[in-house]
Amino acid sequence: MAKFSLRRYDVQATVSVALSAAAFFFILAMAAMIVTKLNLEMKVISYGKEGLRMPAIYLSGLAAFTLGVAGFGFGMNSAGQRRNDKPRRSWIGFFLGAGAITLSLILLALFRMWGEEVIR
């Protein structure tokens, strides 16, 4: 079988960690875009009508959620397999994926509730 085949459970464990870690880069980008325009006193996240902040936040949230689900799934699939010689990577990818899913949904819900368009 090929060295990099997703049928192998040790490869799935490694891919799980990589996908889940990539999801956190998108979460950090989304959090940075939200925090820079966050006004806690008024509970508002402002964005411009012509700007790209709103689509960028939604796209980074979608990317983080998708990568988190993929990492979570690969980690869950390979975690308890007998032929997996890297079970620790499976569990790390599993929990990082679960955390990425949770954080992306929380940040998207925060932006959805507090986001307000600023007309200039």
# chains A, B, ... in the order shown; residues from 1 in each chain; ligands from 1
>>> residues_around(residues="A:Glu117", least_positions_apart="6", cutoff="12 Å", atoms="only C-alpha atoms", output="PyMOL selection string")
chain A and resi 37+44-54+111
>>> write_last_selection(atoms="C-alpha atoms", output="PDB file, in the first residue's frame")
ATOM      1  CA  LYS A  37     -13.656  46.158  15.991  1.00  0.00           C
ATOM      2  CA  VAL A  44     -21.147  45.820  19.069  1.00  0.00           C
ATOM      3  CA  ILE A  45     -18.765  44.490  16.452  1.00  0.00           C
ATOM      4  CA  SER A  46     -18.734  47.075  13.687  1.00  0.00           C
ATOM      5  CA  TYR A  47     -18.003  46.499  10.017  1.00  0.00           C
ATOM      6  CA  GLY A  48     -18.354  48.651   6.900  1.00  0.00           C
ATOM      7  CA  LYS A  49     -20.851  48.107   4.122  1.00  0.00           C
ATOM      8  CA  GLU A  50     -18.236  48.050   1.358  1.00  0.00           C
ATOM      9  CA  GLY A  51     -15.572  46.316   3.435  1.00  0.00           C
ATOM     10  CA  LEU A  52     -14.539  42.710   3.332  1.00  0.00           C
ATOM     11  CA  ARG A  53     -14.569  42.147   7.094  1.00  0.00           C
ATOM     12  CA  MET A  54     -17.960  40.418   7.243  1.00  0.00           C
ATOM     13  CA  PHE A 111     -20.421  37.956  15.379  1.00  0.00           C
TER      14      PHE A 111
END
>>> residues_around(residues="A:Leu19", least_positions_apart="6", cutoff="7 Å", atoms="only C-alpha atoms", output="PyMOL selection string")
chain A and resi 67-68+70-71
>>> closest_atom_pairs(of="stretch 23-115 of chain A", to="stretch 3-17 of chain A", cutoff="12 Å", atoms="only C-alpha atoms", output="tab-separated table")
residue	atom	partner	partner_atom	distance
A:Ala23	CA	A:Val17	CA	9.9
A:Phe24	CA	A:Val17	CA	10.9
A:Leu67	CA	A:Ser16	CA	9.2
A:Gly68	CA	A:Ser16	CA	8.8
A:Val69	CA	A:Ser16	CA	9.6
A:Ala70	CA	A:Ser16	CA	7.2
A:Gly71	CA	A:Ser16	CA	4.1
A:Phe72	CA	A:Ser16	CA	6.7
A:Gly73	CA	A:Ser16	CA	7.7
A:Phe74	CA	A:Ser16	CA	5.2
A:Gly75	CA	A:Ser16	CA	5.3
A:Met76	CA	A:Ser16	CA	8.9
A:Asn77	CA	A:Tyr9	CA	8.0
A:Ser78	CA	A:Tyr9	CA	5.1
A:Ala79	CA	A:Ala13	CA	7.5
A:Gly80	CA	A:Tyr9	CA	9.5
A:Gln81	CA	A:Tyr9	CA	7.1
A:Arg82	CA	A:Tyr9	CA	8.9
A:Arg83	CA	A:Tyr9	CA	6.7
A:Asn84	CA	A:Asp10	CA	5.0
A:Asp85	CA	A:Asp10	CA	6.1
A:Lys86	CA	A:Asp10	CA	5.6
A:Pro87	CA	A:Ala13	CA	7.1
A:Arg88	CA	A:Ala13	CA	8.2
A:Arg89	CA	A:Ala13	CA	5.3
A:Ser90	CA	A:Ala13	CA	4.4
A:Trp91	CA	A:Ala13	CA	8.0
A:Ile92	CA	A:Val17	CA	6.4
A:Gly93	CA	A:Val17	CA	4.1
A:Phe94	CA	A:Ser16	CA	7.1
A:Phe95	CA	A:Val17	CA	9.3
A:Leu96	CA	A:Val17	CA	7.4
A:Gly97	CA	A:Ser16	CA	7.9
A:Ala98	CA	A:Ser16	CA	11.2
A:Ala100	CA	A:Val17	CA	11.5
>>> write_last_selection(atoms="C-alpha atoms", output="mmCIF file, in the first residue's frame")
data_model
loop_
_atom_site.group_PDB
_atom_site.id
_atom_site.type_symbol
_atom_site.label_atom_id
_atom_site.label_comp_id
_atom_site.auth_asym_id
_atom_site.auth_seq_id
_atom_site.Cartn_x
_atom_site.Cartn_y
_atom_site.Cartn_z
ATOM 1 C CA ALA A 23 -8.409 25.067 11.885
ATOM 2 C CA PHE A 24 -6.894 27.008 14.769
ATOM 3 C CA LEU A 67 -11.225 21.684 9.019
ATOM 4 C CA GLY A 68 -12.272 20.991 12.612
ATOM 5 C CA VAL A 69 -14.933 18.507 11.509
ATOM 6 C CA ALA A 70 -12.450 16.758 9.219
ATOM 7 C CA GLY A 71 -9.805 16.584 11.945
ATOM 8 C CA PHE A 72 -12.367 15.409 14.472
ATOM 9 C CA GLY A 73 -13.619 12.703 12.098
ATOM 10 C CA PHE A 74 -10.175 11.371 11.209
ATOM 11 C CA GLY A 75 -9.176 11.372 14.868
ATOM 12 C CA MET A 76 -12.333 9.560 15.907
ATOM 13 C CA ASN A 77 -11.998 6.999 13.137
ATOM 14 C CA SER A 78 -8.395 6.105 13.906
ATOM 15 C CA ALA A 79 -8.350 6.389 17.705
ATOM 16 C CA GLY A 80 -9.296 2.875 18.729
ATOM 17 C CA GLN A 81 -7.910 0.881 15.823
ATOM 18 C CA ARG A 82 -5.511 -1.991 16.517
ATOM 19 C CA ARG A 83 -3.263 -1.213 13.557
ATOM 20 C CA ASN A 84 -2.800 2.416 14.572
ATOM 21 C CA ASP A 85 0.689 2.762 16.013
ATOM 22 C CA LYS A 86 0.107 6.473 16.806
ATOM 23 C CA PRO A 87 -3.018 6.565 18.999
ATOM 24 C CA ARG A 88 -1.816 9.682 20.817
ATOM 25 C CA ARG A 89 -1.964 11.665 17.558
ATOM 26 C CA SER A 90 -5.498 10.381 16.994
ATOM 27 C CA TRP A 91 -6.641 11.644 20.360
ATOM 28 C CA ILE A 92 -4.856 14.973 19.966
ATOM 29 C CA GLY A 93 -6.484 15.488 16.570
ATOM 30 C CA PHE A 94 -9.843 14.405 17.984
ATOM 31 C CA PHE A 95 -9.799 16.889 20.861
ATOM 32 C CA LEU A 96 -8.259 19.725 18.843
ATOM 33 C CA GLY A 97 -10.950 19.192 16.207
ATOM 34 C CA ALA A 98 -13.672 19.271 18.851
ATOM 35 C CA ALA A 100 -11.985 24.041 16.812
#
>>> select_by_dssp(residues="stretch 1-51 of chain A", states="alpha helix (DSSP H)", output="PyMOL selection string")
chain A and resi 9-36
>>> atom_distance(atom1="atom CA of A:Ala64", atom2="atom CA of A:Phe26")
5.4 Å
>>> closest_residue(among="A:Leu105, A:Ala31, A:Leu40, A:Leu110", to="A:Ala56", atoms="only C-alpha atoms")
A:Ala31
>>> decode(residues="stretch 37-71 of chain A", atoms="N, CA, C and O atoms", output="PDB file, in the first residue's frame")
ATOM      1  N   LYS A  37     -12.488  45.276  16.123  1.00  0.00           N
ATOM      2  CA  LYS A  37     -13.656  46.158  15.991  1.00  0.00           C
ATOM      3  C   LYS A  37     -14.699  45.935  17.083  1.00  0.00           C
ATOM      4  O   LYS A  37     -15.847  46.325  16.945  1.00  0.00           O
ATOM      5  N   LEU A  38     -14.298  45.321  18.180  1.00  0.00           N
ATOM      6  CA  LEU A  38     -15.221  45.010  19.270  1.00  0.00           C
ATOM      7  C   LEU A  38     -15.333  46.185  20.232  1.00  0.00           C
ATOM      8  O   LEU A  38     -14.333  46.737  20.676  1.00  0.00           O
ATOM      9  N   ASN A  39     -16.564  46.575  20.541  1.00  0.00           N
ATOM     10  CA  ASN A  39     -16.846  47.595  21.536  1.00  0.00           C
ATOM     11  C   ASN A  39     -17.652  46.917  22.644  1.00  0.00           C
ATOM     12  O   ASN A  39     -18.843  46.653  22.486  1.00  0.00           O
ATOM     13  N   LEU A  40     -16.993  46.625  23.766  1.00  0.00           N
ATOM     14  CA  LEU A  40     -17.649  45.891  24.843  1.00  0.00           C
ATOM     15  C   LEU A  40     -18.708  46.701  25.572  1.00  0.00           C
ATOM     16  O   LEU A  40     -19.664  46.141  26.104  1.00  0.00           O
ATOM     17  N   GLU A  41     -18.540  48.012  25.629  1.00  0.00           N
ATOM     18  CA  GLU A  41     -19.528  48.845  26.322  1.00  0.00           C
ATOM     19  C   GLU A  41     -20.882  48.780  25.626  1.00  0.00           C
ATOM     20  O   GLU A  41     -21.919  48.691  26.270  1.00  0.00           O
ATOM     21  N   MET A  42     -20.866  48.838  24.311  1.00  0.00           N
ATOM     22  CA  MET A  42     -22.114  48.808  23.549  1.00  0.00           C
ATOM     23  C   MET A  42     -22.459  47.416  23.036  1.00  0.00           C
ATOM     24  O   MET A  42     -23.520  47.203  22.458  1.00  0.00           O
ATOM     25  N   LYS A  43     -21.573  46.451  23.243  1.00  0.00           N
ATOM     26  CA  LYS A  43     -21.730  45.085  22.753  1.00  0.00           C
ATOM     27  C   LYS A  43     -21.978  45.076  21.251  1.00  0.00           C
ATOM     28  O   LYS A  43     -22.972  44.545  20.763  1.00  0.00           O
ATOM     29  N   VAL A  44     -21.031  45.666  20.515  1.00  0.00           N
ATOM     30  CA  VAL A  44     -21.147  45.820  19.069  1.00  0.00           C
ATOM     31  C   VAL A  44     -19.814  45.450  18.418  1.00  0.00           C
ATOM     32  O   VAL A  44     -18.753  45.819  18.911  1.00  0.00           O
ATOM     33  N   ILE A  45     -19.906  44.728  17.325  1.00  0.00           N
ATOM     34  CA  ILE A  45     -18.765  44.490  16.452  1.00  0.00           C
ATOM     35  C   ILE A  45     -19.096  45.190  15.141  1.00  0.00           C
ATOM     36  O   ILE A  45     -20.000  44.781  14.418  1.00  0.00           O
ATOM     37  N   SER A  46     -18.379  46.258  14.849  1.00  0.00           N
ATOM     38  CA  SER A  46     -18.734  47.075  13.687  1.00  0.00           C
ATOM     39  C   SER A  46     -17.967  46.616  12.447  1.00  0.00           C
ATOM     40  O   SER A  46     -16.839  46.139  12.531  1.00  0.00           O
ATOM     41  N   TYR A  47     -18.633  46.769  11.300  1.00  0.00           N
ATOM     42  CA  TYR A  47     -18.003  46.499  10.017  1.00  0.00           C
ATOM     43  C   TYR A  47     -18.640  47.412   8.984  1.00  0.00           C
ATOM     44  O   TYR A  47     -19.776  47.845   9.126  1.00  0.00           O
ATOM     45  N   GLY A  48     -17.885  47.745   7.940  1.00  0.00           N
ATOM     46  CA  GLY A  48     -18.354  48.651   6.900  1.00  0.00           C
ATOM     47  C   GLY A  48     -19.161  47.929   5.836  1.00  0.00           C
ATOM     48  O   GLY A  48     -19.022  46.722   5.627  1.00  0.00           O
ATOM     49  N   LYS A  49     -20.003  48.685   5.148  1.00  0.00           N
ATOM     50  CA  LYS A  49     -20.851  48.107   4.122  1.00  0.00           C
ATOM     51  C   LYS A  49     -20.037  47.616   2.931  1.00  0.00           C
ATOM     52  O   LYS A  49     -20.294  46.552   2.389  1.00  0.00           O
ATOM     53  N   GLU A  50     -19.044  48.414   2.513  1.00  0.00           N
ATOM     54  CA  GLU A  50     -18.236  48.050   1.358  1.00  0.00           C
ATOM     55  C   GLU A  50     -17.032  47.198   1.736  1.00  0.00           C
ATOM     56  O   GLU A  50     -16.336  46.693   0.866  1.00  0.00           O
ATOM     57  N   GLY A  51     -16.758  47.040   2.996  1.00  0.00           N
ATOM     58  CA  GLY A  51     -15.572  46.316   3.435  1.00  0.00           C
ATOM     59  C   GLY A  51     -15.704  44.814   3.277  1.00  0.00           C
ATOM     60  O   GLY A  51     -16.775  44.269   3.008  1.00  0.00           O
ATOM     61  N   LEU A  52     -14.577  44.163   3.453  1.00  0.00           N
ATOM     62  CA  LEU A  52     -14.539  42.710   3.332  1.00  0.00           C
ATOM     63  C   LEU A  52     -14.476  42.003   4.676  1.00  0.00           C
ATOM     64  O   LEU A  52     -14.255  40.798   4.730  1.00  0.00           O
ATOM     65  N   ARG A  53     -14.670  42.747   5.764  1.00  0.00           N
ATOM     66  CA  ARG A  53     -14.569  42.147   7.094  1.00  0.00           C
ATOM     67  C   ARG A  53     -15.644  41.087   7.330  1.00  0.00           C
ATOM     68  O   ARG A  53     -15.339  39.988   7.790  1.00  0.00           O
ATOM     69  N   MET A  54     -16.888  41.382   7.009  1.00  0.00           N
ATOM     70  CA  MET A  54     -17.960  40.418   7.243  1.00  0.00           C
ATOM     71  C   MET A  54     -17.762  39.134   6.433  1.00  0.00           C
ATOM     72  O   MET A  54     -17.807  38.034   7.006  1.00  0.00           O
ATOM     73  N   PRO A  55     -17.527  39.208   5.109  1.00  0.00           N
ATOM     74  CA  PRO A  55     -17.303  37.952   4.377  1.00  0.00           C
ATOM     75  C   PRO A  55     -16.053  37.212   4.845  1.00  0.00           C
ATOM     76  O   PRO A  55     -16.041  35.973   4.875  1.00  0.00           O
ATOM     77  N   ALA A  56     -15.011  37.952   5.232  1.00  0.00           N
ATOM     78  CA  ALA A  56     -13.790  37.297   5.698  1.00  0.00           C
ATOM     79  C   ALA A  56     -14.029  36.552   7.009  1.00  0.00           C
ATOM     80  O   ALA A  56     -13.511  35.443   7.192  1.00  0.00           O
ATOM     81  N   ILE A  57     -14.820  37.130   7.895  1.00  0.00           N
ATOM     82  CA  ILE A  57     -15.128  36.461   9.161  1.00  0.00           C
ATOM     83  C   ILE A  57     -15.952  35.210   8.910  1.00  0.00           C
ATOM     84  O   ILE A  57     -15.680  34.138   9.464  1.00  0.00           O
ATOM     85  N   TYR A  58     -16.958  35.317   8.069  1.00  0.00           N
ATOM     86  CA  TYR A  58     -17.783  34.143   7.775  1.00  0.00           C
ATOM     87  C   TYR A  58     -16.996  33.057   7.045  1.00  0.00           C
ATOM     88  O   TYR A  58     -17.152  31.866   7.331  1.00  0.00           O
ATOM     89  N   LEU A  59     -16.133  33.437   6.110  1.00  0.00           N
ATOM     90  CA  LEU A  59     -15.339  32.440   5.384  1.00  0.00           C
ATOM     91  C   LEU A  59     -14.304  31.774   6.283  1.00  0.00           C
ATOM     92  O   LEU A  59     -14.092  30.559   6.192  1.00  0.00           O
ATOM     93  N   SER A  60     -13.676  32.549   7.154  1.00  0.00           N
ATOM     94  CA  SER A  60     -12.715  31.937   8.065  1.00  0.00           C
ATOM     95  C   SER A  60     -13.424  31.042   9.087  1.00  0.00           C
ATOM     96  O   SER A  60     -12.899  30.002   9.475  1.00  0.00           O
ATOM     97  N   GLY A  61     -14.623  31.430   9.487  1.00  0.00           N
ATOM     98  CA  GLY A  61     -15.408  30.574  10.380  1.00  0.00           C
ATOM     99  C   GLY A  61     -15.819  29.276   9.709  1.00  0.00           C
ATOM    100  O   GLY A  61     -15.757  28.198  10.307  1.00  0.00           O
ATOM    101  N   LEU A  62     -16.212  29.367   8.448  1.00  0.00           N
ATOM    102  CA  LEU A  62     -16.572  28.164   7.689  1.00  0.00           C
ATOM    103  C   LEU A  62     -15.362  27.266   7.489  1.00  0.00           C
ATOM    104  O   LEU A  62     -15.452  26.043   7.639  1.00  0.00           O
ATOM    105  N   ALA A  63     -14.218  27.862   7.164  1.00  0.00           N
ATOM    106  CA  ALA A  63     -12.994  27.075   6.977  1.00  0.00           C
ATOM    107  C   ALA A  63     -12.580  26.399   8.282  1.00  0.00           C
ATOM    108  O   ALA A  63     -12.202  25.221   8.288  1.00  0.00           O
ATOM    109  N   ALA A  64     -12.641  27.130   9.388  1.00  0.00           N
ATOM    110  CA  ALA A  64     -12.272  26.555  10.683  1.00  0.00           C
ATOM    111  C   ALA A  64     -13.220  25.427  11.066  1.00  0.00           C
ATOM    112  O   ALA A  64     -12.789  24.371  11.550  1.00  0.00           O
ATOM    113  N   PHE A  65     -14.513  25.627  10.839  1.00  0.00           N
ATOM    114  CA  PHE A  65     -15.489  24.590  11.162  1.00  0.00           C
ATOM    115  C   PHE A  65     -15.262  23.349  10.306  1.00  0.00           C
ATOM    116  O   PHE A  65     -15.265  22.217  10.813  1.00  0.00           O
ATOM    117  N   THR A  66     -15.045  23.539   9.003  1.00  0.00           N
ATOM    118  CA  THR A  66     -14.848  22.409   8.094  1.00  0.00           C
ATOM    119  C   THR A  66     -13.571  21.637   8.428  1.00  0.00           C
ATOM    120  O   THR A  66     -13.581  20.398   8.477  1.00  0.00           O
ATOM    121  N   LEU A  67     -12.477  22.355   8.656  1.00  0.00           N
ATOM    122  CA  LEU A  67     -11.225  21.684   9.019  1.00  0.00           C
ATOM    123  C   LEU A  67     -11.340  20.999  10.376  1.00  0.00           C
ATOM    124  O   LEU A  67     -10.798  19.909  10.583  1.00  0.00           O
ATOM    125  N   GLY A  68     -12.062  21.603  11.305  1.00  0.00           N
ATOM    126  CA  GLY A  68     -12.272  20.991  12.612  1.00  0.00           C
ATOM    127  C   GLY A  68     -13.075  19.711  12.522  1.00  0.00           C
ATOM    128  O   GLY A  68     -12.760  18.716  13.178  1.00  0.00           O
ATOM    129  N   VAL A  69     -14.122  19.719  11.691  1.00  0.00           N
ATOM    130  CA  VAL A  69     -14.933  18.507  11.509  1.00  0.00           C
ATOM    131  C   VAL A  69     -14.103  17.401  10.866  1.00  0.00           C
ATOM    132  O   VAL A  69     -14.180  16.231  11.270  1.00  0.00           O
ATOM    133  N   ALA A  70     -13.293  17.759   9.875  1.00  0.00           N
ATOM    134  CA  ALA A  70     -12.450  16.758   9.219  1.00  0.00           C
ATOM    135  C   ALA A  70     -11.418  16.190  10.193  1.00  0.00           C
ATOM    136  O   ALA A  70     -11.218  14.966  10.256  1.00  0.00           O
ATOM    137  N   GLY A  71     -10.773  17.054  10.959  1.00  0.00           N
ATOM    138  CA  GLY A  71      -9.805  16.584  11.945  1.00  0.00           C
ATOM    139  C   GLY A  71     -10.451  15.743  13.029  1.00  0.00           C
ATOM    140  O   GLY A  71      -9.904  14.715  13.453  1.00  0.00           O
TER     141      GLY A  71
END
